[in-house]
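Q: My file is model.pdb. It has PDB, C-alpha atoms, pLDDT in the B column:
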ATOM      1  CA  ASP A   1       6.080  19.196  -7.316  1.00 55.00           C
ATOM      2  CA  ALA A   2       8.440  17.120  -5.237  1.00 63.00           C
ATOM      3  CA  LYS A   3       6.892  15.696  -2.082  1.00 84.00           C
ATOM      4  CA  THR A   4       8.259  14.217   1.081  1.00 91.00           C
ATOM      5  CA  THR A   5       7.229  11.208   3.149  1.00 94.00           C
ATOM      6  CA  GLN A   6       7.703  11.073   6.909  1.00 96.00           C
ATOM      7  CA  PRO A   7       6.512   8.692   9.619  1.00 97.00           C
ATOM      8  CA  ASN A   8       3.439   9.983  11.412  1.00 96.00           C
ATOM      9  CA  SER A   9       4.948   9.685  14.856  1.00 97.00           C
ATOM     10  CA  MET A  10       8.081   8.737  16.746  1.00 97.00           C
ATOM     11  CA  GLU A  11       9.039   8.404  20.362  1.00 97.00           C
ATOM     12  CA  SER A  12      12.295   9.006  22.157  1.00 96.00           C
ATOM     13  CA  ASN A  13      13.705   9.185  25.641  1.00 96.00           C
ATOM     14  CA  GLU A  14      15.174  12.307  27.123  1.00 97.00           C
ATOM     15  CA  GLU A  15      18.904  12.789  26.555  1.00 96.00           C
ATOM     16  CA  GLU A  16      19.017  10.125  23.846  1.00 96.00           C
ATOM     17  CA  PRO A  17      19.687  10.828  20.165  1.00 96.00           C
ATOM     18  CA  VAL A  18      16.764  10.962  17.768  1.00 97.00           C
ATOM     19  CA  HIS A  19      16.884  10.223  14.062  1.00 98.00           C
ATOM     20  CA  LEU A  20      13.927  11.579  12.110  1.00 98.00           C
ATOM     21  CA  PRO A  21      13.763  10.190   8.559  1.00 97.00           C
ATOM     22  CA  CYS A  22      12.399  11.803   5.432  1.00 96.00           C
ATOM     23  CA  ASN A  23      12.009  10.286   1.986  1.00 96.00           C
ATOM     24  CA  HIS A  24      11.991  12.520  -1.082  1.00 93.00           C
ATOM     25  CA  SER A  25      12.513  10.174  -3.994  1.00 92.00           C
ATOM     26  CA  THR A  26      11.351  12.722  -6.607  1.00 89.00           C
ATOM     27  CA  ILE A  27      13.714  15.461  -5.468  1.00 89.00           C
ATOM     28  CA  SER A  28      15.180  17.580  -8.238  1.00 86.00           C
ATOM     29  CA  GLY A  29      18.697  18.912  -8.479  1.00 86.00           C
ATOM     30  CA  THR A  30      17.600  22.398  -7.469  1.00 82.00           C
ATOM     31  CA  ASP A  31      15.579  21.398  -4.409  1.00 85.00           C
ATOM     32  CA  TYR A  32      16.919  22.358  -1.020  1.00 87.00           C
ATOM     33  CA  ILE A  33      15.899  20.168   1.910  1.00 91.00           C
ATOM     34  CA  HIS A  34      14.496  22.160   4.813  1.00 91.00           C
ATOM     35  CA  TRP A  35      13.390  21.092   8.250  1.00 94.00           C
ATOM     36  CA  TYR A  36      11.037  23.005  10.465  1.00 95.00           C
ATOM     37  CA  ARG A  37       9.416  22.105  13.731  1.00 97.00           C
ATOM     38  CA  GLN A  38       6.226  23.247  15.386  1.00 96.00           C
ATOM     39  CA  LEU A  39       5.854  23.264  19.119  1.00 95.00           C
ATOM     40  CA  PRO A  40       2.327  23.034  20.540  1.00 91.00           C
ATOM     41  CA  SER A  41       0.273  26.177  19.963  1.00 90.00           C
ATOM     42  CA  GLN A  42       3.105  27.947  18.151  1.00 93.00           C
ATOM     43  CA  GLY A  43       4.080  28.707  14.589  1.00 95.00           C
ATOM     44  CA  PRO A  44       6.678  26.565  12.847  1.00 95.00           C
ATOM     45  CA  GLU A  45      10.321  27.415  13.435  1.00 94.00           C
ATOM     46  CA  TYR A  46      13.296  26.806  11.214  1.00 92.00           C
ATOM     47  CA  VAL A  47      15.633  23.990  12.213  1.00 95.00           C
ATOM     48  CA  ILE A  48      18.121  23.399   9.430  1.00 94.00           C
ATOM     49  CA  HIS A  49      18.512  23.086   5.673  1.00 91.00           C
ATOM     50  CA  GLY A  50      20.918  21.599   3.154  1.00 91.00           C
ATOM     51  CA  LEU A  51      21.447  20.773  -0.490  1.00 91.00           C
ATOM     52  CA  THR A  52      23.950  17.936  -0.803  1.00 93.00           C
ATOM     53  CA  SER A  53      26.394  17.934   2.066  1.00 91.00           C
ATOM     54  CA  ASN A  54      25.629  17.111   5.669  1.00 94.00           C
ATOM     55  CA  VAL A  55      24.975  20.172   7.803  1.00 94.00           C
ATOM     56  CA  ASN A  56      25.308  20.954  11.492  1.00 95.00           C
ATOM     57  CA  ASN A  57      24.018  23.808  13.592  1.00 93.00           C
ATOM     58  CA  ARG A  58      23.315  24.423  17.236  1.00 91.00           C
ATOM     59  CA  MET A  59      19.914  22.774  17.037  1.00 90.00           C
ATOM     60  CA  ALA A  60      20.520  19.660  14.977  1.00 96.00           C
ATOM     61  CA  SER A  61      22.385  17.868  12.214  1.00 97.00           C
ATOM     62  CA  LEU A  62      21.104  17.022   8.768  1.00 98.00           C
ATOM     63  CA  ALA A  63      22.379  13.919   7.044  1.00 98.00           C
ATOM     64  CA  ILE A  64      21.618  13.753   3.322  1.00 97.00           C
ATOM     65  CA  ALA A  65      21.882  10.505   1.385  1.00 96.00           C
ATOM     66  CA  GLU A  66      24.333  10.445  -1.462  1.00 95.00           C
ATOM     67  CA  ASP A  67      21.526  10.106  -4.023  1.00 95.00           C
ATOM     68  CA  ARG A  68      19.569  12.839  -2.164  1.00 95.00           C
ATOM     69  CA  LYS A  69      16.431  10.709  -2.143  1.00 95.00           C
ATOM     70  CA  SER A  70      16.316  10.688   1.615  1.00 96.00           C
ATOM     71  CA  SER A  71      17.574  12.666   4.572  1.00 97.00           C
ATOM     72  CA  THR A  72      17.674  12.354   8.333  1.00 97.00           C
ATOM     73  CA  LEU A  73      17.331  15.042  10.953  1.00 98.00           C
ATOM     74  CA  ILE A  74      19.418  14.194  13.995  1.00 98.00           C
ATOM     75  CA  LEU A  75      18.759  15.611  17.422  1.00 97.00           C
ATOM     76  CA  HIS A  76      21.843  14.644  19.381  1.00 94.00           C
ATOM     77  CA  ARG A  77      20.311  14.729  22.846  1.00 95.00           C
ATOM     78  CA  ALA A  78      16.554  15.018  22.985  1.00 96.00           C
ATOM     79  CA  THR A  79      15.014  17.224  25.623  1.00 96.00           C
ATOM     80  CA  LEU A  80      11.398  17.586  26.649  1.00 96.00           C
ATOM     81  CA  ARG A  81      11.335  20.856  24.752  1.00 95.00           C
ATOM     82  CA  ASP A  82      12.058  18.967  21.528  1.00 96.00           C
ATOM     83  CA  ALA A  83       8.592  17.394  21.602  1.00 97.00           C
ATOM     84  CA  ALA A  84       7.060  18.859  18.473  1.00 97.00           C
ATOM     85  CA  VAL A  85       5.916  18.116  14.945  1.00 96.00           C
ATOM     86  CA  TYR A  86       8.879  18.041  12.574  1.00 97.00           C
ATOM     87  CA  TYR A  87       8.383  18.916   8.934  1.00 96.00           C
ATOM     88  CA  CYS A  88      10.680  18.002   6.090  1.00 94.00           C
ATOM     89  CA  ILE A  89      10.013  20.149   3.014  1.00 90.00           C
ATOM     90  CA  LEU A  90      11.675  20.815  -0.299  1.00 87.00           C
ATOM     91  CA  ARG A  91      12.280  24.306  -1.600  1.00 80.00           C
ATOM     92  CA  ASP A  92      13.002  24.768  -5.278  1.00 72.00           C
ATOM     93  CA  VAL A  93      15.559  27.487  -5.916  1.00 63.00           C
ATOM     94  CA  GLU A  94      14.285  27.882  -9.446  1.00 62.00           C
ATOM     95  CA  ALA A  95      10.685  28.363  -8.351  1.00 56.00           C
ATOM     96  CA  GLY A  96      11.561  31.843  -7.156  1.00 55.00           C
ATOM     97  CA  ASN A  97       8.868  31.867  -4.530  1.00 54.00           C
ATOM     98  CA  ASN A  98       7.160  29.673  -2.001  1.00 54.00           C
ATOM     99  CA  ARG A  99       4.179  28.617  -4.038  1.00 54.00           C
ATOM    100  CA  LYS A 100       5.771  25.258  -4.643  1.00 60.00           C
ATOM    101  CA  LEU A 101       6.413  24.544  -1.000  1.00 71.00           C
ATOM    102  CA  ILE A 102       4.457  21.483   0.039  1.00 76.00           C
ATOM    103  CA  TRP A 103       4.005  20.991   3.750  1.00 83.00           C
ATOM    104  CA  GLY A 104       3.003  17.474   4.716  1.00 84.00           C
ATOM    105  CA  LEU A 105       1.727  16.399   8.118  1.00 88.00           C
ATOM    106  CA  GLY A 106       5.204  15.901   9.523  1.00 95.00           C
ATOM    107  CA  THR A 107       6.395  13.588  12.267  1.00 97.00           C
ATOM    108  CA  SER A 108       5.036  14.086  15.756  1.00 97.00           C
ATOM    109  CA  LEU A 109       7.918  13.463  18.154  1.00 98.00           C
ATOM    110  CA  ALA A 110       7.184  12.514  21.732  1.00 97.00           C
ATOM    111  CA  VAL A 111      10.010  12.711  24.278  1.00 97.00           C
ATOM    112  CA  ASN A 112       9.729  10.641  27.423  1.00 96.00           C
ATOM    113  CA  PRO A 113      11.334  11.864  30.645  1.00 94.00           C
TER
ATOM    114  CA  ASP B   1      13.056  35.901  17.797  1.00 62.00           C
ATOM    115  CA  ALA B   2      11.851  37.527  14.617  1.00 68.00           C
ATOM    116  CA  GLY B   3       9.558  40.473  15.200  1.00 92.00           C
ATOM    117  CA  ILE B   4       6.251  39.240  13.839  1.00 96.00           C
ATOM    118  CA  THR B   5       2.968  40.140  15.447  1.00 97.00           C
ATOM    119  CA  GLN B   6      -0.384  38.764  14.385  1.00 98.00           C
ATOM    120  CA  SER B   7      -3.670  40.286  15.431  1.00 97.00           C
ATOM    121  CA  PRO B   8      -6.134  39.325  16.584  1.00 97.00           C
ATOM    122  CA  ARG B   9      -4.825  36.114  18.099  1.00 97.00           C
ATOM    123  CA  HIS B  10      -8.320  34.738  18.557  1.00 97.00           C
ATOM    124  CA  LYS B  11     -11.566  35.685  16.870  1.00 98.00           C
ATOM    125  CA  VAL B  12     -15.045  34.242  16.732  1.00 98.00           C
ATOM    126  CA  THR B  13     -17.337  35.573  14.065  1.00 97.00           C
ATOM    127  CA  GLU B  14     -20.504  34.663  12.228  1.00 97.00           C
ATOM    128  CA  THR B  15     -20.941  33.427   8.690  1.00 97.00           C
ATOM    129  CA  GLY B  16     -21.153  36.242   6.180  1.00 97.00           C
ATOM    130  CA  THR B  17     -19.261  38.839   8.176  1.00 97.00           C
ATOM    131  CA  PRO B  18     -16.012  40.381   6.944  1.00 97.00           C
ATOM    132  CA  VAL B  19     -12.826  39.601   8.839  1.00 98.00           C
ATOM    133  CA  THR B  20      -9.363  41.126   8.586  1.00 98.00           C
ATOM    134  CA  LEU B  21      -6.268  39.588  10.078  1.00 98.00           C
ATOM    135  CA  ARG B  22      -3.147  41.688  10.423  1.00 98.00           C
ATOM    136  CA  CYS B  23       0.471  40.686  10.267  1.00 98.00           C
ATOM    137  CA  HIS B  24       3.064  43.221  11.380  1.00 98.00           C
ATOM    138  CA  GLN B  25       6.821  42.731  11.086  1.00 97.00           C
ATOM    139  CA  THR B  26       9.744  44.759  12.378  1.00 96.00           C
ATOM    140  CA  GLU B  27      12.417  42.910  10.370  1.00 93.00           C
ATOM    141  CA  ASN B  28      12.060  44.831   7.105  1.00 92.00           C
ATOM    142  CA  HIS B  29      11.847  41.525   5.223  1.00 92.00           C
ATOM    143  CA  ARG B  30      10.677  41.732   1.648  1.00 90.00           C
ATOM    144  CA  TYR B  31       8.495  38.618   1.514  1.00 90.00           C
ATOM    145  CA  MET B  32       5.391  38.007   3.593  1.00 92.00           C
ATOM    146  CA  TYR B  33       3.010  35.063   3.517  1.00 92.00           C
ATOM    147  CA  TRP B  34      -0.330  33.937   4.846  1.00 95.00           C
ATOM    148  CA  TYR B  35      -0.852  30.245   5.549  1.00 95.00           C
ATOM    149  CA  ARG B  36      -3.726  28.302   7.027  1.00 96.00           C
ATOM    150  CA  GLN B  37      -3.383  25.136   9.060  1.00 96.00           C
ATOM    151  CA  ASP B  38      -6.157  22.612   9.465  1.00 95.00           C
ATOM    152  CA  PRO B  39      -6.302  19.133  11.007  1.00 91.00           C
ATOM    153  CA  GLY B  40      -5.343  16.512   8.464  1.00 86.00           C
ATOM    154  CA  HIS B  41      -3.654  19.049   6.210  1.00 87.00           C
ATOM    155  CA  GLY B  42      -0.204  20.511   6.100  1.00 85.00           C
ATOM    156  CA  LEU B  43       0.301  24.240   6.039  1.00 90.00           C
ATOM    157  CA  ARG B  44      -1.291  25.664   2.907  1.00 91.00           C
ATOM    158  CA  LEU B  45      -0.336  28.942   1.314  1.00 90.00           C
ATOM    159  CA  ILE B  46      -3.158  31.430   0.832  1.00 94.00           C
ATOM    160  CA  HIS B  47      -1.411  34.504  -0.549  1.00 93.00           C
ATOM    161  CA  TYR B  48       2.038  35.974  -0.447  1.00 91.00           C
ATOM    162  CA  SER B  49       3.688  39.314  -1.094  1.00 91.00           C
ATOM    163  CA  TYR B  50       7.072  40.029  -2.628  1.00 88.00           C
ATOM    164  CA  GLY B  51       7.011  43.752  -1.987  1.00 90.00           C
ATOM    165  CA  VAL B  52       4.788  46.714  -1.256  1.00 93.00           C
ATOM    166  CA  LYS B  53       1.637  46.392  -3.376  1.00 92.00           C
ATOM    167  CA  ASP B  54       3.027  43.229  -4.973  1.00 92.00           C
ATOM    168  CA  THR B  55       1.020  40.144  -4.104  1.00 93.00           C
ATOM    169  CA  ASP B  56       0.195  36.803  -5.641  1.00 90.00           C
ATOM    170  CA  LYS B  57      -2.079  33.861  -5.010  1.00 90.00           C
ATOM    171  CA  GLY B  58      -1.149  30.687  -3.258  1.00 88.00           C
ATOM    172  CA  GLU B  59      -2.806  27.289  -3.490  1.00 86.00           C
ATOM    173  CA  VAL B  60      -5.956  28.102  -1.471  1.00 93.00           C
ATOM    174  CA  SER B  61      -6.676  31.734  -2.291  1.00 94.00           C
ATOM    175  CA  ASP B  62     -10.414  31.528  -3.055  1.00 95.00           C
ATOM    176  CA  GLY B  63     -12.429  33.618  -0.609  1.00 96.00           C
ATOM    177  CA  TYR B  64      -9.412  35.594   0.561  1.00 97.00           C
ATOM    178  CA  SER B  65      -7.829  38.869  -0.446  1.00 97.00           C
ATOM    179  CA  VAL B  66      -4.670  40.578   0.775  1.00 97.00           C
ATOM    180  CA  SER B  67      -3.119  43.982   0.809  1.00 97.00           C
ATOM    181  CA  ARG B  68       0.320  45.316   1.529  1.00 97.00           C
ATOM    182  CA  SER B  69       0.545  49.096   1.588  1.00 96.00           C
ATOM    183  CA  LYS B  70       3.640  49.197   3.790  1.00 96.00           C
ATOM    184  CA  THR B  71       6.629  46.906   4.095  1.00 95.00           C
ATOM    185  CA  GLU B  72       5.760  46.035   7.656  1.00 96.00           C
ATOM    186  CA  ASP B  73       2.065  45.196   7.287  1.00 97.00           C
ATOM    187  CA  PHE B  74       0.315  42.405   5.407  1.00 98.00           C
ATOM    188  CA  LEU B  75      -3.450  42.158   5.771  1.00 98.00           C
ATOM    189  CA  LEU B  76      -5.586  39.115   5.057  1.00 98.00           C
ATOM    190  CA  THR B  77      -9.272  39.767   4.460  1.00 98.00           C
ATOM    191  CA  LEU B  78     -12.153  37.359   4.339  1.00 97.00           C
ATOM    192  CA  GLU B  79     -14.831  39.391   2.587  1.00 93.00           C
ATOM    193  CA  SER B  80     -17.634  37.116   3.730  1.00 96.00           C
ATOM    194  CA  ALA B  81     -16.499  34.501   6.179  1.00 97.00           C
ATOM    195  CA  THR B  82     -17.702  30.900   5.825  1.00 97.00           C
ATOM    196  CA  SER B  83     -17.476  27.977   8.217  1.00 97.00           C
ATOM    197  CA  SER B  84     -14.884  26.353   5.950  1.00 97.00           C
ATOM    198  CA  GLN B  85     -12.569  29.235   6.784  1.00 98.00           C
ATOM    199  CA  THR B  86     -12.444  28.237  10.420  1.00 98.00           C
ATOM    200  CA  SER B  87      -8.747  27.622  10.834  1.00 98.00           C
ATOM    201  CA  VAL B  88      -5.510  28.722  12.379  1.00 97.00           C
ATOM    202  CA  TYR B  89      -3.828  31.341  10.244  1.00 98.00           C
ATOM    203  CA  PHE B  90      -0.099  31.899  10.258  1.00 97.00           C
ATOM    204  CA  CYS B  91       1.835  34.794   8.865  1.00 96.00           C
ATOM    205  CA  ALA B  92       5.434  34.238   7.794  1.00 94.00           C
ATOM    206  CA  ILE B  93       8.250  36.426   6.522  1.00 93.00           C
ATOM    207  CA  SER B  94      11.499  35.839   4.714  1.00 89.00           C
ATOM    208  CA  GLU B  95      14.343  37.735   3.118  1.00 84.00           C
ATOM    209  CA  VAL B  96      15.434  37.442  -0.473  1.00 65.00           C
ATOM    210  CA  GLY B  97      16.848  34.061  -1.407  1.00 47.00           C
ATOM    211  CA  LEU B  98      13.934  31.854  -0.627  1.00 53.00           C
ATOM    212  CA  ALA B  99      15.429  28.488  -1.385  1.00 56.00           C
ATOM    213  CA  THR B 100      18.167  28.960   1.154  1.00 60.00           C
ATOM    214  CA  GLY B 101      16.630  31.401   3.581  1.00 68.00           C
ATOM    215  CA  GLU B 102      14.518  30.868   6.601  1.00 83.00           C
ATOM    216  CA  LEU B 103      10.831  31.411   6.996  1.00 89.00           C
ATOM    217  CA  PHE B 104       9.923  33.091  10.268  1.00 92.00           C
ATOM    218  CA  PHE B 105       6.396  32.490  11.496  1.00 95.00           C
ATOM    219  CA  GLY B 106       4.096  34.401  13.748  1.00 96.00           C
ATOM    220  CA  GLU B 107       2.246  32.748  16.604  1.00 95.00           C
ATOM    221  CA  GLY B 108      -0.948  32.287  14.678  1.00 97.00           C
ATOM    222  CA  SER B 109      -4.487  33.635  14.665  1.00 98.00           C
ATOM    223  CA  ARG B 110      -7.262  31.225  15.519  1.00 97.00           C
ATOM    224  CA  LEU B 111     -10.449  32.064  13.642  1.00 98.00           C
ATOM    225  CA  THR B 112     -13.781  30.415  14.310  1.00 98.00           C
ATOM    226  CA  VAL B 113     -16.661  31.079  11.942  1.00 97.00           C
ATOM    227  CA  LEU B 114     -20.027  30.051  13.343  1.00 96.00           C
TER
END
The structure in this file should be written as structure tokens.

A:
Amino acid sequence: DAKTTQPNSMESNEEEPVHLPCNHSTISGTDYIHWYRQLPSQGPEYVIHGLTSNVNNRMASLAIAEDRKSSTLILHRATLRDAAVYYCILRDVEAGNNRKLIWGLGTSLAVNP
Amino acid sequence: DAGITQSPRHKVTETGTPVTLRCHQTENHRYMYWYRQDPGHGLRLIHYSYGVKDTDKGEVSDGYSVSRSKTEDFLLTLESATSSQTSVYFCAISEVGLATGELFFGEGSRLTVL
């Protein structure tokens, strides 16, 4: 099963952009890249996902390397509310279910006022 | 926010007692999941359901059973709780199209087994 590698922690200042990296060198052609985040004492929440092209939504942008072996979640202007653990996971469209989802420990993002 | 309610939110029990956690959804989503989250581990799938009375095991299913008699309810049962099952349990739901769809999570149920 394809796995992802993320830094354990990162720090940012409020209102500055944040780039959260994720390596997934064993990604397969049918793996979608998903990002979730988990605020303290809450369940994870969906942030964004993509397959090959860069994606934007109201929460963030996802930049995917051309070889798809890495991706970067971009928060354009960090707020205090963005302090959370960010998970990068791969979801295999051919798996047909979530048994092959592997959740790592994610990146704990601290945002300084 | 997705309509997912977990109950109880907190429970303390003793080793050997049965425990049932309930997940209730108002979204009419087909798929429901139970995860556990422990320090030093990522979220791990216990069981999931792909329809009423249709369930399957996840990666850490030993010691757990599930039932889904209605679309909206997914129950997780620990027949005889052990201290190793002390954890935070999350329920999640999703529509069809898992690779591209979102998982919506509940707020979690913290279980302590003494």

Q: Between atom CA of Ile46 of chain B and atom CA of Asp73 of chain B, what distance in Å does the model show, to one decimal?

A: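 These atoms are spaced 16.1 Å apart.
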
Q: Using the chain letters and numbers from this file, what does the PyMOL selection byres ((chain A) within 12 of (chain B)) select? Give the answer as a ChimeraX atom specification.

A: /A:3-4,8,30-51,85-107

Q: Can you list what the PyMOL selection byres ((chain A and resi 26) around 12) grabs from this structure, as a PDB file with C-alpha atoms, keeping the file's coordinate frame?

A:
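Saved to result32.pdb:
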ATOM      1  CA  ASP A   1       6.080  19.196  -7.316  1.00 55.00           C
ATOM      2  CA  ALA A   2       8.440  17.120  -5.237  1.00 63.00           C
ATOM      3  CA  LYS A   3       6.892  15.696  -2.082  1.00 84.00           C
ATOM      4  CA  THR A   4       8.259  14.217   1.081  1.00 91.00           C
ATOM      5  CA  THR A   5       7.229  11.208   3.149  1.00 94.00           C
ATOM      6  CA  ASN A  23      12.009  10.286   1.986  1.00 96.00           C
ATOM      7  CA  HIS A  24      11.991  12.520  -1.082  1.00 93.00           C
ATOM      8  CA  SER A  25      12.513  10.174  -3.994  1.00 92.00           C
ATOM      9  CA  ILE A  27      13.714  15.461  -5.468  1.00 89.00           C
ATOM     10  CA  SER A  28      15.180  17.580  -8.238  1.00 86.00           C
ATOM     11  CA  GLY A  29      18.697  18.912  -8.479  1.00 86.00           C
ATOM     12  CA  THR A  30      17.600  22.398  -7.469  1.00 82.00           C
ATOM     13  CA  ASP A  31      15.579  21.398  -4.409  1.00 85.00           C
ATOM     14  CA  ASP A  67      21.526  10.106  -4.023  1.00 95.00           C
ATOM     15  CA  ARG A  68      19.569  12.839  -2.164  1.00 95.00           C
ATOM     16  CA  LYS A  69      16.431  10.709  -2.143  1.00 95.00           C
ATOM     17  CA  SER A  70      16.316  10.688   1.615  1.00 96.00           C
ATOM     18  CA  LEU A  90      11.675  20.815  -0.299  1.00 87.00           C
TER      19      LEU A  90
END

Q: Quick one: of A:His19, A:Leu75, A:Thr52, A:Asn13, who's nearest to Pro113 of chain A, counting all atoms listed in the file?

A: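 That would be A:Asn13, the residue with the smallest distance to Pro113 of chain A.
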
Q: Which distance in Å separates atom CA of Tyr35 of chain B and atom CA of Asp82 of chain A, to one decimal?

A: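 About the pair atom CA of Tyr35 of chain B and atom CA of Asp82 of chain A: they are 23.4 Å apart.
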
Q: Of the residues B:Ile93, B:Met32, B:Val12, B:Ala81, which is the one nearest to Leu111 of chain B, using only C-alpha atoms?

A: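 So, comparing all the options, the nearest one is B:Val12.
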
Q: Output, as AutoDock Vina command-line options, the centre and edge lengths in Å (one decimal) of the axis-aligned box that contains all listed atoms of segment 82-95 of chain B with 4 Å of margin on each side.

A:
--center_x -1.7 --center_y 32.0 --center_z 7.7 --size_x 40.0 --size_y 19.4 --size_z 17.3

Q: What does the distance between atom CA of Arg68 of chain B and atom CA of Thr26 of chain B come to in Å, to one decimal place?

A: 14.4 Å

Q: So which residues touch Ala63 of chain A within 7 Å, counting only C-alpha atoms, skipping near sequence neighbours fewer than 3 positions away, as a list in words?

A: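 Within the cut-off, the hits are Asn54, Val55, Ser71, Thr72 and Leu73 of chain A.
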
Q: So that I have them on file, write out the residues from the current selection with C-alpha atoms, as an mmCIF file, in the coordinates of the input.

A:
data_model
loop_
_atom_site.group_PDB
_atom_site.id
_atom_site.type_symbol
_atom_site.label_atom_id
_atom_site.label_comp_id
_atom_site.auth_asym_id
_atom_site.auth_seq_id
_atom_site.Cartn_x
_atom_site.Cartn_y
_atom_site.Cartn_z
ATOM 1 C CA ASN A 54 25.629 17.111 5.669
ATOM 2 C CA VAL A 55 24.975 20.172 7.803
ATOM 3 C CA SER A 71 17.574 12.666 4.572
ATOM 4 C CA THR A 72 17.674 12.354 8.333
ATOM 5 C CA LEU A 73 17.331 15.042 10.953
#

Q: Please identify all polymer residues within 9 Å of Ser53 of chain A, counting all atoms listed in the file, omitting same-chain residues fewer than 4 positions from it, and present them as a list in words.

A: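 Selected residues are Leu62, Ala63, Ile64, Ala65 and Glu66 of chain A.
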
Q: Next, dump the selected residues to file, keeping only C-alpha atoms, as a PDB file, in the coordinates of the input.

A:
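To be explicit, this is the file written out as selection-v3.pdb:
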ATOM      1  CA  LEU A  62      21.104  17.022   8.768  1.00 98.00           C
ATOM      2  CA  ALA A  63      22.379  13.919   7.044  1.00 98.00           C
ATOM      3  CA  ILE A  64      21.618  13.753   3.322  1.00 97.00           C
ATOM      4  CA  ALA A  65      21.882  10.505   1.385  1.00 96.00           C
ATOM      5  CA  GLU A  66      24.333  10.445  -1.462  1.00 95.00           C
TER       6      GLU A  66
END

Q: Just so the selection is clear, what residues does the PyMOL selection byres ((chain A and resi 80) around 7) cover here, as a list of chain:residue names?

A: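 Going through the file, the PyMOL selection byres ((chain A and resi 80) around 7) ends up selecting A:Glu14, A:Ala78, A:Thr79, A:Arg81, A:Asp82, A:Ala83, A:Val111, A:Pro113.
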
Q: Create the file for the chosen residues now, containing C-alpha atoms and written as a PDB file, in the frame of the given file.

A:
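result.pdb written:
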ATOM      1  CA  GLU A  14      15.174  12.307  27.123  1.00 97.00           C
ATOM      2  CA  ALA A  78      16.554  15.018  22.985  1.00 96.00           C
ATOM      3  CA  THR A  79      15.014  17.224  25.623  1.00 96.00           C
ATOM      4  CA  ARG A  81      11.335  20.856  24.752  1.00 95.00           C
ATOM      5  CA  ASP A  82      12.058  18.967  21.528  1.00 96.00           C
ATOM      6  CA  ALA A  83       8.592  17.394  21.602  1.00 97.00           C
ATOM      7  CA  VAL A 111      10.010  12.711  24.278  1.00 97.00           C
ATOM      8  CA  PRO A 113      11.334  11.864  30.645  1.00 94.00           C
TER       9      PRO A 113
END

Q: Here's a test: counting only C-alpha atoms, identify every protein, DNA and RNA residue with an atom at most 6 Å from (-15.7, 31.8, 16.8) in the file's coordinate frame, and state them as a list in words.

A: Lys11, Val12, Thr13, Thr112, Val113 and Leu114 of chain B

Q: Generate a file for segment 4-16 of chain B, containing N, CA and C atoms, as a short mmCIF file (atom, residue, chain, number, x, y, z; two decimals), in the first residue's frame.

A:
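The resulting file, out.cif, is reproduced below:
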data_model
loop_
_atom_site.label_atom_id
_atom_site.label_comp_id
_atom_site.auth_asym_id
_atom_site.auth_seq_id
_atom_site.Cartn_x
_atom_site.Cartn_y
_atom_site.Cartn_z
N ILE B 4 -23.53 14.07 11.82
CA ILE B 4 -23.03 12.83 12.43
C ILE B 4 -22.99 13.02 13.93
N THR B 5 -23.61 12.12 14.63
CA THR B 5 -23.64 12.19 16.08
C THR B 5 -23.11 10.91 16.66
N GLN B 6 -22.13 11.03 17.54
CA GLN B 6 -21.59 9.86 18.23
C GLN B 6 -22.04 9.89 19.68
N SER B 7 -22.36 8.70 20.19
CA SER B 7 -22.72 8.62 21.60
C SER B 7 -22.26 7.29 22.19
N PRO B 8 -21.83 7.28 23.45
CA PRO B 8 -21.58 8.47 24.25
C PRO B 8 -20.32 9.18 23.81
N ARG B 9 -20.13 10.41 24.20
CA ARG B 9 -18.92 11.13 23.86
C ARG B 9 -17.77 10.75 24.79
N HIS B 10 -18.10 10.40 26.00
CA HIS B 10 -17.09 9.96 26.96
C HIS B 10 -17.65 8.77 27.75
N LYS B 11 -16.79 7.79 27.97
CA LYS B 11 -17.21 6.65 28.77
C LYS B 11 -16.02 6.05 29.48
N VAL B 12 -16.22 5.73 30.73
CA VAL B 12 -15.23 5.01 31.53
C VAL B 12 -15.86 3.70 31.94
N THR B 13 -15.17 2.62 31.69
CA THR B 13 -15.71 1.32 32.02
C THR B 13 -14.62 0.43 32.58
N GLU B 14 -14.99 -0.74 33.02
CA GLU B 14 -14.02 -1.66 33.60
C GLU B 14 -13.73 -2.81 32.62
N THR B 15 -12.56 -3.36 32.77
CA THR B 15 -12.16 -4.50 31.95
C THR B 15 -13.18 -5.62 32.06
N GLY B 16 -13.53 -6.17 30.90
CA GLY B 16 -14.45 -7.30 30.86
C GLY B 16 -15.90 -6.94 30.64
#
